[in-house]
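Student: Contents of work19.cif (mmCIF, C-alpha atoms) are below:
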data_protein
#
loop_
_atom_site.label_atom_id
_atom_site.label_comp_id
_atom_site.auth_asym_id
_atom_site.auth_seq_id
_atom_site.Cartn_x
_atom_site.Cartn_y
_atom_site.Cartn_z
CA MET Y 204 107.98 74.40 92.88
CA ALA Y 205 106.50 76.84 90.43
CA SER Y 206 108.29 80.13 89.99
CA ARG Y 207 106.81 83.13 91.77
CA ASP Y 208 104.22 84.65 89.51
CA SER Y 209 104.32 88.40 89.34
CA LEU Y 210 101.74 90.18 91.44
CA ALA Y 211 100.34 91.79 88.28
CA ASP Y 212 99.75 88.35 86.72
CA LEU Y 213 98.13 87.11 89.90
CA LEU Y 214 95.83 90.13 90.01
CA ALA Y 215 94.82 89.49 86.41
CA ARG Y 216 93.97 85.90 87.29
CA CYS Y 217 92.04 87.01 90.38
CA ALA Y 218 89.92 89.18 88.10
CA LEU Y 219 88.85 85.91 86.45
CA HIS Y 220 88.06 84.55 89.92
CA ASP Y 221 90.99 82.17 90.07
CA ARG Y 222 91.10 81.18 93.75
CA ARG Y 223 94.55 79.63 93.56
CA ALA Y 224 95.93 82.91 92.21
CA PHE Y 225 94.22 84.74 95.06
CA GLU Y 226 95.89 82.49 97.61
CA MET Y 227 99.29 83.07 96.02
CA LEU Y 228 98.64 86.80 95.93
CA TYR Y 229 97.82 86.69 99.63
CA GLN Y 230 100.96 84.72 100.46
CA GLN Y 231 103.14 87.19 98.61
CA ALA Y 232 101.52 90.48 99.53
CA ALA Y 233 99.94 89.95 102.96
CA PRO Y 234 103.17 90.35 105.03
CA THR Y 235 103.89 93.76 103.49
CA LEU Y 236 100.31 94.95 103.91
CA TYR Y 237 100.01 93.56 107.43
CA GLY Y 238 103.26 95.31 108.38
CA LEU Y 239 101.89 98.54 106.99
CA LEU Y 240 98.61 98.12 108.87
CA LEU Y 241 100.38 97.31 112.14
CA LYS Y 242 102.36 100.50 111.88
CA LEU Y 243 99.24 102.47 111.07
CA THR Y 244 96.94 101.05 113.70
CA ARG Y 245 99.33 99.74 116.39
CA ASP Y 246 96.59 97.28 117.10
CA ARG Y 247 96.97 93.66 116.04
CA GLU Y 248 93.28 92.91 116.08
CA LEU Y 249 92.36 95.96 114.04
CA ALA Y 250 95.24 95.32 111.63
CA ALA Y 251 94.03 91.73 111.12
CA ASP Y 252 90.49 92.93 110.58
CA LEU Y 253 91.59 95.54 108.03
CA LEU Y 254 93.86 93.07 106.23
CA GLN Y 255 90.91 90.73 105.79
CA GLU Y 256 88.65 93.56 104.68
CA GLY Y 257 91.34 94.76 102.26
CA PHE Y 258 91.82 91.36 100.64
CA ALA Y 259 88.06 90.87 100.34
CA ARG Y 260 88.02 94.13 98.42
CA VAL Y 261 90.99 93.04 96.30
CA TRP Y 262 89.14 89.84 95.36
CA GLN Y 263 86.15 91.91 94.23
CA ARG Y 264 88.14 94.60 92.46
CA ALA Y 265 91.20 92.82 91.07
CA GLY Y 266 89.96 93.63 87.58
CA ASP Y 267 90.37 97.34 88.31
CA TYR Y 268 94.13 97.09 88.54
CA ARG Y 269 96.02 98.76 85.69
CA PRO Y 270 99.81 99.07 85.39
CA GLN Y 271 99.38 102.86 85.10
CA LEU Y 272 98.19 102.78 88.72
CA GLY Y 273 101.72 101.95 89.83
CA GLN Y 274 103.35 98.81 91.16
CA PRO Y 275 100.82 96.16 92.24
CA LEU Y 276 102.07 96.29 95.82
CA ALA Y 277 101.65 100.06 95.93
CA TRP Y 278 98.11 99.68 94.58
CA LEU Y 279 97.31 97.05 97.20
CA GLY Y 280 98.88 99.31 99.82
CA SER Y 281 96.61 102.17 98.83
CA ILE Y 282 93.53 99.96 99.26
CA VAL Y 283 94.38 98.91 102.81
CA ARG Y 284 95.63 102.37 103.81
CA HIS Y 285 92.38 104.03 102.76
CA LEU Y 286 90.45 101.45 104.76
CA ALA Y 287 92.69 101.99 107.77
CA ILE Y 288 92.53 105.77 107.62
CA ASP Y 289 88.76 105.75 107.27
CA ARG Y 290 88.45 103.41 110.23
CA LEU Y 291 90.88 105.38 112.39
CA ARG Y 292 89.27 108.69 111.60
CA ARG Y 293 85.74 107.46 112.17
CA GLY Y 294 85.35 109.11 115.52
CA GLU Y 295 88.99 110.22 115.55
CA GLN Y 296 89.55 108.06 118.62
CA ARG Y 297 93.09 107.14 119.54
CA GLN Y 298 92.17 103.66 120.63
CA ARG Y 299 95.57 102.52 119.42
CA THR Y 300 97.12 103.80 122.62
CA GLU Y 301 95.76 100.60 124.16
CA LEU Y 302 98.69 98.40 123.32
CA ASP Y 303 99.48 94.93 124.55
CA ASP Y 304 103.08 93.96 125.34
CA SER Y 305 103.87 92.65 121.90
CA GLY Y 306 102.34 95.80 120.44
CA TRP Y 307 104.66 97.95 122.53
CA ALA Y 308 107.61 95.80 121.50
CA LEU Y 309 106.66 96.44 117.91
CA VAL Y 310 106.52 100.19 118.43
CA ALA Y 311 109.77 100.23 120.39
CA ASP Y 312 111.59 98.16 117.79
CA ASP Y 313 112.38 100.89 115.35
CA GLY Y 314 115.20 98.81 113.92
CA PRO Y 315 116.43 100.16 110.64
CA GLY Y 316 114.40 103.14 109.51
CA PRO Y 317 111.84 102.67 106.75
CA GLU Y 318 114.17 104.20 104.19
CA ASP Y 319 116.92 101.67 105.03
CA ARG Y 320 114.47 98.85 104.57
CA LEU Y 321 113.23 100.23 101.29
CA HIS Y 322 116.78 100.21 100.12
CA ALA Y 323 117.89 96.87 101.55
CA GLU Y 324 114.88 94.65 101.02
CA HIS Y 325 112.98 96.00 98.11
CA GLY Y 326 115.56 97.79 96.06
CA ASP Y 327 113.47 100.95 95.77
CA ALA Y 328 116.72 102.88 95.73
CA ALA Y 329 115.17 105.82 93.89
CA LEU Y 330 112.63 106.39 96.66
CA ALA Y 331 115.25 105.95 99.39
CA ARG Y 332 117.48 108.50 97.66
CA CYS Y 333 114.63 111.00 97.33
CA LEU Y 334 113.71 110.56 101.00
CA GLU Y 335 117.32 111.20 101.99
CA MET Y 336 117.17 114.54 100.24
CA LEU Y 337 114.47 115.75 102.63
CA ASP Y 338 115.52 117.44 105.87
CA PRO Y 339 115.17 115.09 108.85
CA GLU Y 340 112.23 116.78 110.57
CA PRO Y 341 110.05 117.23 107.47
CA ARG Y 342 110.84 113.63 106.52
CA ARG Y 343 109.76 112.49 109.98
CA ALA Y 344 106.51 114.42 109.51
CA VAL Y 345 105.82 112.58 106.23
CA PHE Y 346 106.58 109.22 107.87
CA LEU Y 347 104.28 109.98 110.80
CA ALA Y 348 101.51 110.79 108.35
CA TYR Y 349 102.09 107.77 106.14
CA TYR Y 350 103.04 105.06 108.60
CA GLU Y 351 101.07 106.17 111.63
CA GLY Y 352 98.15 107.85 109.93
CA LEU Y 353 98.60 111.02 111.99
CA THR Y 354 96.94 114.29 110.97
CA HIS Y 355 98.79 117.61 110.84
CA ASP Y 356 97.82 118.61 114.38
CA LEU Y 357 98.84 115.26 115.86
CA ILE Y 358 102.17 115.44 114.03
CA ALA Y 359 102.63 118.96 115.40
CA ARG Y 360 101.97 117.70 118.91
CA ARG Y 361 104.25 114.71 118.49
CA LEU Y 362 107.15 116.79 117.15
CA ASP Y 363 106.33 119.73 119.39
CA ARG Y 364 106.29 122.19 116.51
CA PRO Y 365 103.70 124.79 115.43
CA LEU Y 366 100.89 123.49 113.23
CA GLY Y 367 101.73 125.93 110.41
CA THR Y 368 105.33 124.72 110.32
CA VAL Y 369 104.25 121.09 110.07
CA LYS Y 370 101.77 121.86 107.27
CA ALA Y 371 104.49 123.67 105.33
CA TRP Y 372 106.95 120.81 105.89
CA VAL Y 373 104.52 118.21 104.60
CA ARG Y 374 103.52 120.32 101.62
CA ARG Y 375 107.11 121.10 100.62
CA SER Y 376 108.28 117.50 101.20
CA LEU Y 377 105.54 116.14 98.94
CA GLN Y 378 106.49 118.55 96.17
CA ARG Y 379 110.18 117.68 96.53
CA LEU Y 380 109.37 113.96 96.39
CA LYS Y 381 107.29 114.50 93.27
CA THR Y 382 110.11 116.39 91.54
CA CYS Y 383 112.74 113.91 92.68
CA LEU Y 384 110.79 110.80 91.64
CA GLY Y 385 110.05 112.34 88.25
CA GLU Y 386 107.17 111.27 86.07
CA THR Y 387 107.99 107.66 85.41
CA MET Q 215 87.91 126.44 97.09
CA ASN Q 216 88.40 126.18 93.37
CA ILE Q 217 89.23 122.55 92.71
CA HIS Q 218 90.04 123.19 89.06
CA GLN Q 219 92.99 125.36 89.96
CA SER Q 220 95.88 123.06 89.23
CA PRO Q 221 98.46 123.54 92.06
CA LEU Q 222 95.70 123.40 94.68
CA ARG Q 223 94.26 120.29 93.07
CA ASP Q 224 97.66 118.66 93.05
CA HIS Q 225 98.26 119.59 96.66
CA LEU Q 226 94.86 118.34 97.87
CA ALA Q 227 95.34 115.07 95.99
CA ALA Q 228 98.76 114.60 97.61
CA GLU Q 229 97.42 115.29 101.12
CA TYR Q 230 94.46 113.01 100.44
CA VAL Q 231 96.73 110.14 99.48
CA LEU Q 232 99.11 110.80 102.37
CA GLY Q 233 96.12 110.83 104.71
CA THR Q 234 96.54 114.35 106.10
CA LEU Q 235 93.40 115.66 104.44
CA ARG Q 236 90.80 115.05 107.10
CA GLY Q 237 87.22 115.41 108.24
CA GLY Q 238 84.87 117.36 105.99
CA ALA Q 239 87.59 118.27 103.50
CA ARG Q 240 88.42 114.59 102.99
CA ARG Q 241 84.77 113.68 102.46
CA ARG Q 242 84.17 116.58 100.05
CA PHE Q 243 87.26 115.64 98.13
CA GLU Q 244 86.07 112.02 97.85
CA GLN Q 245 82.68 113.19 96.61
CA LEU Q 246 84.35 115.11 93.77
CA LEU Q 247 86.31 112.10 92.53
CA PRO Q 248 83.62 110.12 90.65
CA ALA Q 249 82.67 113.06 88.43
CA HIS Q 250 86.16 114.44 87.75
CA PRO Q 251 88.41 112.09 85.78
CA SER Q 252 91.36 114.49 85.73
CA LEU Q 253 91.22 114.80 89.51
CA ARG Q 254 91.13 111.00 89.75
CA GLN Q 255 94.19 110.92 87.54
CA THR Q 256 95.99 113.34 89.86
CA VAL Q 257 95.14 111.08 92.82
CA THR Q 258 96.35 108.05 90.88
CA ASP Q 259 99.65 109.77 90.16
CA TRP Q 260 100.13 110.52 93.85
CA GLU Q 261 99.18 106.99 94.87
CA ARG Q 262 101.80 105.67 92.52
CA ARG Q 263 104.43 107.89 94.16
CA ILE Q 264 103.48 107.81 97.82
CA ASN Q 265 102.50 104.18 98.09
CA ARG Q 266 106.00 103.14 97.18
CA LEU Q 267 106.49 103.68 100.91
CA ALA Q 268 104.15 100.74 101.56
CA THR Q 269 106.86 98.12 101.12
CA ALA Q 270 108.97 99.25 104.06
CA SER Q 271 108.21 96.91 106.96
CA PRO Q 272 106.72 93.46 106.27
CA SER Q 273 105.37 91.38 109.13
CA ALA Q 274 103.90 87.85 108.91
CA PRO Q 275 100.13 87.96 109.51
CA PRO Q 276 98.57 85.35 111.84
CA PRO Q 277 97.41 82.28 109.86
CA ALA Q 278 93.87 82.70 111.20
CA ILE Q 279 93.36 85.73 108.93
CA TRP Q 280 93.63 83.65 105.76
CA ARG Q 281 91.32 80.95 107.13
CA GLU Q 282 88.74 83.54 108.08
CA LEU Q 283 89.07 85.25 104.71
CA GLU Q 284 88.55 81.97 102.87
CA ARG Q 285 85.48 81.19 104.96
CA ARG Q 286 84.08 84.65 104.25
CA LEU Q 287 84.71 84.75 100.51
CA PHE Q 288 84.20 81.12 99.61
CA PRO Q 289 81.53 79.74 101.95
CA ALA Q 290 80.99 76.00 101.72
CA PRO Q 291 77.63 75.09 100.14
CA PRO Q 292 74.94 74.22 102.71
CA ARG Q 293 74.97 70.58 103.76
CA ARG Q 294 71.96 68.35 103.45
CA SER Q 295 71.24 64.65 103.35
CA TRP Q 296 72.92 63.36 100.28
CA TRP Q 297 70.25 60.82 99.42
CA ASP Q 298 67.65 63.63 99.28
CA SER Q 299 69.48 65.32 96.53
CA LEU Q 300 68.01 65.10 93.08
CA ALA Q 301 71.12 66.87 91.88
CA LEU Q 302 73.24 64.01 93.18
CA TRP Q 303 71.38 61.40 91.15
CA ARG Q 304 71.27 63.67 88.16
CA GLY Q 305 74.99 64.31 88.64
CA LEU Q 306 75.73 60.60 88.86
CA ALA Q 307 73.81 60.00 85.67
CA ILE Q 308 75.65 62.80 83.85
CA THR Q 309 78.98 61.65 85.28
CA SER Q 310 78.48 58.08 84.06
CA VAL Q 311 77.62 59.35 80.60
CA LEU Q 312 80.72 61.56 80.70
CA VAL Q 313 82.92 58.71 81.92
CA ALA Q 314 81.68 56.57 79.05
CA ALA Q 315 82.23 59.42 76.58
CA ILE Q 316 85.73 60.11 77.88
CA ALA Q 317 86.62 56.42 77.80
CA LEU Q 318 85.63 56.37 74.14
CA THR Q 319 87.47 59.63 73.38
CA PRO Q 320 91.03 59.39 74.72
CA GLN Q 321 92.07 62.96 73.87
CA LEU Q 322 89.29 64.38 76.06
CA ALA Q 323 90.56 62.53 79.10
CA THR Q 324 93.84 64.44 79.05
CA SER Q 325 92.46 67.97 79.14
CA PRO Q 326 92.30 69.48 82.66
CA PRO Q 327 88.94 70.70 83.94
CA GLU Q 328 90.12 74.35 83.99
CA ALA Q 329 90.54 74.15 80.25
CA ASN Q 330 86.78 74.50 79.98
CA LEU Q 331 86.21 77.80 81.75
CA PRO Q 332 83.51 79.57 79.77
CA PHE Q 333 83.79 83.31 79.49
CA ALA Q 334 82.50 86.04 77.24
CA THR Q 335 83.64 89.54 76.44
CA ILE Q 336 81.09 92.20 75.57
CA ARG Q 337 82.64 94.95 73.50
CA GLY Q 338 81.40 98.39 72.54
CA LYS Q 339 81.34 100.14 69.21
CA GLN Q 340 85.07 100.93 69.35
CA ARG Q 341 85.90 97.33 70.31
CA GLU Q 342 86.54 98.46 73.90
CA VAL Q 343 85.74 95.89 76.58
CA LEU Q 344 82.54 96.86 78.37
CA TRP Q 345 82.05 93.70 80.42
CA MET Q 346 83.79 90.39 81.06
CA VAL Q 347 81.50 87.52 82.00
CA THR Q 348 82.83 84.28 83.48
CA LEU Q 349 80.85 81.23 84.48
CA ALA Q 350 82.14 79.91 87.81
CA ASP Q 351 82.19 76.27 88.93
CA ASP Q 352 79.21 76.93 91.19
CA GLY Q 353 77.14 77.88 88.14
CA ARG Q 354 77.06 81.58 88.99
CA LEU Q 355 78.13 84.33 86.65
CA HIS Q 356 80.83 86.80 87.62
CA VAL Q 357 80.56 90.01 85.66
CA SER Q 358 83.19 92.70 85.75
CA ASN Q 359 82.87 96.16 84.28
CA PRO Q 360 86.45 97.36 83.81
CA ARG Q 361 85.58 101.02 83.42
CA ALA Q 362 82.74 102.96 85.02
CA MET Q 363 80.17 104.06 82.43
CA ALA Q 364 78.20 107.27 82.14
CA MET Q 365 74.64 105.92 82.02
CA PRO Q 366 71.60 107.99 81.10
CA PRO Q 367 69.51 108.70 84.20
CA GLU Q 368 67.09 105.94 85.27
CA GLN Q 369 68.57 103.46 82.76
CA ARG Q 370 70.26 100.16 83.47
CA CYS Q 371 72.01 97.58 81.30
CA LEU Q 372 70.53 94.10 81.50
CA LEU Q 373 72.17 90.82 80.54
CA TRP Q 374 70.12 88.20 78.69
CA LEU Q 375 70.77 84.67 77.48
CA LYS Q 376 69.43 83.93 74.03
CA THR Q 377 69.32 80.29 72.94
CA GLY Q 378 67.69 79.01 69.78
CA ASP Q 379 64.37 80.53 68.77
CA THR Q 380 63.02 81.02 72.28
CA PRO Q 381 62.81 84.54 73.76
CA PRO Q 382 65.89 85.56 75.73
CA VAL Q 383 66.00 84.89 79.48
CA MET Q 384 67.10 87.72 81.78
CA LEU Q 385 70.25 86.97 83.79
CA GLY Q 386 70.45 90.21 85.74
CA VAL Q 387 71.55 93.82 85.93
CA LEU Q 388 75.05 94.54 84.69
CA PRO Q 389 77.39 96.67 86.81
CA ASP Q 390 78.11 100.11 85.35
CA ASP Q 391 80.21 101.52 88.19
CA GLY Q 392 83.49 99.89 87.23
CA GLY Q 393 82.82 97.07 89.72
CA VAL Q 394 82.16 93.35 89.81
CA ARG Q 395 78.82 91.59 90.37
CA THR Q 396 77.84 88.00 90.81
CA LEU Q 397 74.62 86.98 89.10
CA ALA Q 398 72.75 83.85 90.10
CA MET Q 399 71.52 81.74 87.21
CA PRO Q 400 67.72 81.53 86.98
CA ALA Q 401 66.26 78.24 88.20
CA GLY Q 402 65.83 75.57 85.56
CA MET Q 403 68.55 76.95 83.34
CA GLY Q 404 70.30 73.95 81.84
CA GLN Q 405 73.64 74.66 80.24
CA PRO Q 406 74.09 78.42 80.36
CA ALA Q 407 77.39 78.54 78.44
CA ARG Q 408 75.53 78.04 75.18
CA GLY Q 409 73.77 80.50 72.99
CA GLU Q 410 74.38 84.22 72.85
CA LEU Q 411 74.62 86.86 75.54
CA TRP Q 412 72.54 89.94 74.82
CA VAL Q 413 72.78 93.32 76.48
CA THR Q 414 69.93 95.82 76.51
CA MET Q 415 69.65 99.26 78.03
CA GLN Q 416 66.28 100.06 79.55
CA PRO Q 417 64.55 101.68 82.51
CA MET Q 418 64.37 99.64 85.70
CA VAL Q 419 60.95 97.99 85.87
CA PRO Q 420 59.86 94.94 87.89
CA ASN Q 421 59.52 92.38 85.09
CA PRO Q 422 61.19 93.60 81.93
CA GLN Q 423 59.87 92.14 78.68
CA PRO Q 424 62.35 90.02 76.70
CA PRO Q 425 63.91 92.14 73.96
CA THR Q 426 63.73 91.29 70.28
CA GLN Q 427 66.96 93.12 69.50
CA PRO Q 428 70.12 93.49 71.61
CA LEU Q 429 72.19 96.63 72.02
CA TYR Q 430 75.29 94.43 72.18
CA GLN Q 431 75.69 90.71 71.72
CA THR Q 432 78.44 88.17 72.07
CA ARG Q 433 79.14 84.44 72.20
CA TRP Q 434 80.72 82.28 74.87
CA GLN Q 435 84.36 81.32 74.53
CA THR Q 436 86.43 78.86 76.50
CA LEU Q 437 89.95 79.24 77.85
#
Take the structure in the file and give it back as structure tokens.

Tutor:
Amino acid sequence: MASRDSLADLLARCALHDRRAFEMLYQQAAPTLYGLLLKLTRDRELAADLLQEGFARVWQRAGDYRPQLGQPLAWLGSIVRHLAIDRLRRGEQRQRTELDDSGWALVADDGPGPEDRLHAEHGDAALARCLEMLDPEPRRAVFLAYYEGLTHDLIARRLDRPLGTVKAWVRRSLQRLKTCLGET
Amino acid sequence: MNIHQSPLRDHLAAEYVLGTLRGGARRRFEQLLPAHPSLRQTVTDWERRINRLATASPSAPPPAIWRELERRLFPAPPRRSWWDSLALWRGLAITSVLVAAIALTPQLATSPPEANLPFATIRGKQREVLWMVTLADDGRLHVSNPRAMAMPPEQRCLLWLKTGDTPPVMLGVLPDDGGVRTLAMPAGMGQPARGELWVTMQPMVPNPQPPTQPLYQTRWQTL
């Protein structure tokens, strides 16, 4: 069994249209991206559709990846998130309230919070530490925006707080994360 | 809204990446990106920070997604009766010549087929890579333009194949938007991975005349 190639190497090979590298990239990165899309859309069909769209884009644009753009997984994450947000906002419909049973199970299963998972499974201890420094409610607002794709007003409704408060929370949390993560 | 004001720019970029910039503001912000490299850099910095959150909750995707993706990106060539195919007979003839050649040249038989992946790099005046060209198994050219280029209005870069003393043959329009294009080889083109690749810059016209001088030129290499 060959050793796991780094995602950056696989992306470089995809840029040369190496199909085997693309398959390996998919195997390694798809679960993370699909998980992200499920959280964002709460809709298995839409998540599957966006995952496919995202990887088609990755195949076409693998040559655009540069290490300065961050970790490969974060770069891939930004591609699928932009697709998801565009799709969700197109018409601003909340079609994701139509959940099937397994979808509801997924939403109900909060399990360990995202920051625990970051720490336990991916060793992004720096990010987990920075998130812990945020107050609970502002942190929840950032998570709702990132993982559920909610806008300020929907976050305000969900948390039952004034819109201005939520905007200030998000703004301050982002600045605190930036300072805490430093310019690495 | 003064986008050049730094804290505001930083804040808008952060909200854009997080997804809380919405509606008209989001669209206006996206329209500013292509023309403002420093704004793009600010977005990139935020993507690097915020998208570290992406790794939090993996979930196995249904296997059908990969199958569908493969079918979409790598469609099987159209089927037709094999005995109708001139290419088949031509292929058999070439293959038998190759088999004979390989049998007579033992060291050739050991090199894997991927070892002969022709590619070419077209570099600019400062040796920077402007385009990477690879010749795929299906005979098509994949061209990537690693960095978007500021082109003069109404001008396009064209790729030409120059072999021997004959005038160059146009292969297609090169991408200048930092993207990737696939160019089909013109019919009747024998072995395209020979000769020189020429690049010209010219206005878009229906049937451009073959150039006598290239703006850039390069040769094929193999991996």

Student: What is the atom CA of Val257 of chain Q to atom CA of Ala227 of chain Q distance in Å?

Tutor: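 One can read the atom CA of Val257 of chain Q to atom CA of Ala227 of chain Q distance as 5.1 Å.
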
Student: Do a neighbour search on Pro381 of chain Q at 8 Å with all atoms listed in the file, toss out local chain neighbours closer than 5 positions, and write the hits as a list of chain:residue names.

Tutor: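 Counting only the stated atoms, we get Q:Lys376, Q:Pro424, Q:Pro425, Q:Thr426.
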
Student: Mind checking which residues fall within 9 Å of Gly257 of chain Y, counting all atoms listed in the file, ignoring those fewer than 6 positions away in the same chain, and posting them as a compact mmCIF listing (two decimals) with C-alpha atoms, in the coordinates of the input?

Tutor:
# COMPACT_ATOMS: atom_id res chain seq x y z
CA LEU Y 279 97.31 97.05 97.20
CA ILE Y 282 93.53 99.96 99.26
CA VAL Y 283 94.38 98.91 102.81
CA ARG Y 284 95.63 102.37 103.81
CA LEU Y 286 90.45 101.45 104.76

Student: For Tyr229 of chain Y, which residue out of Q:Pro251, Q:Gly238, Q:Pro277, Q:Pro389 is the nearest one, using all atoms listed in the file?

Tutor: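 Among Q:Pro251, Q:Gly238, Q:Pro277, Q:Pro389, it is Q:Pro277 that comes nearest to Tyr229 of chain Y.
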
Student: Which residues of chain Q come within 7 Å of chain Y, and for each one, what is the closest pair of atoms and their distance in Å to one decimal, counting only C-alpha atoms, sorted by chain and residue number, as CSV?

Tutor:
residue,atom,partner,partner_atom,distance
Q:Leu232,CA,Y:Tyr349,CA,5.7
Q:Gly233,CA,Y:Gly352,CA,6.3
Q:Thr234,CA,Y:Thr354,CA,4.9
Q:Thr258,CA,Y:Leu272,CA,6.0
Q:Glu261,CA,Y:Ser281,CA,6.7
Q:Arg262,CA,Y:Gly273,CA,4.6
Q:Asn265,CA,Y:Ala277,CA,4.7
Q:Arg266,CA,Y:Ala277,CA,5.5
Q:Ala268,CA,Y:Gly280,CA,5.7
Q:Thr269,CA,Y:Thr235,CA,5.8
Q:Ala270,CA,Y:Leu321,CA,5.2
Q:Ser271,CA,Y:Gly238,CA,5.4
Q:Pro272,CA,Y:Thr235,CA,4.0
Q:Ser273,CA,Y:Gly238,CA,4.5
Q:Ala274,CA,Y:Pro234,CA,4.7
Q:Pro275,CA,Y:Pro234,CA,5.9
Q:Ile279,CA,Y:Gln255,CA,6.4
Q:Leu283,CA,Y:Gln255,CA,5.9
Q:Leu287,CA,Y:Ala259,CA,7.0
Q:Thr348,CA,Y:Leu219,CA,6.9
Q:Pro360,CA,Y:Asp267,CA,6.0
Q:Gly393,CA,Y:Arg264,CA,6.5
Q:Val394,CA,Y:Gln263,CA,6.1

Student: What gap, in Å, lies between atom CA of Phe243 of chain Q and atom CA of Arg290 of chain Y?

Tutor: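 Computing it gives 17.2 Å between the two atoms.
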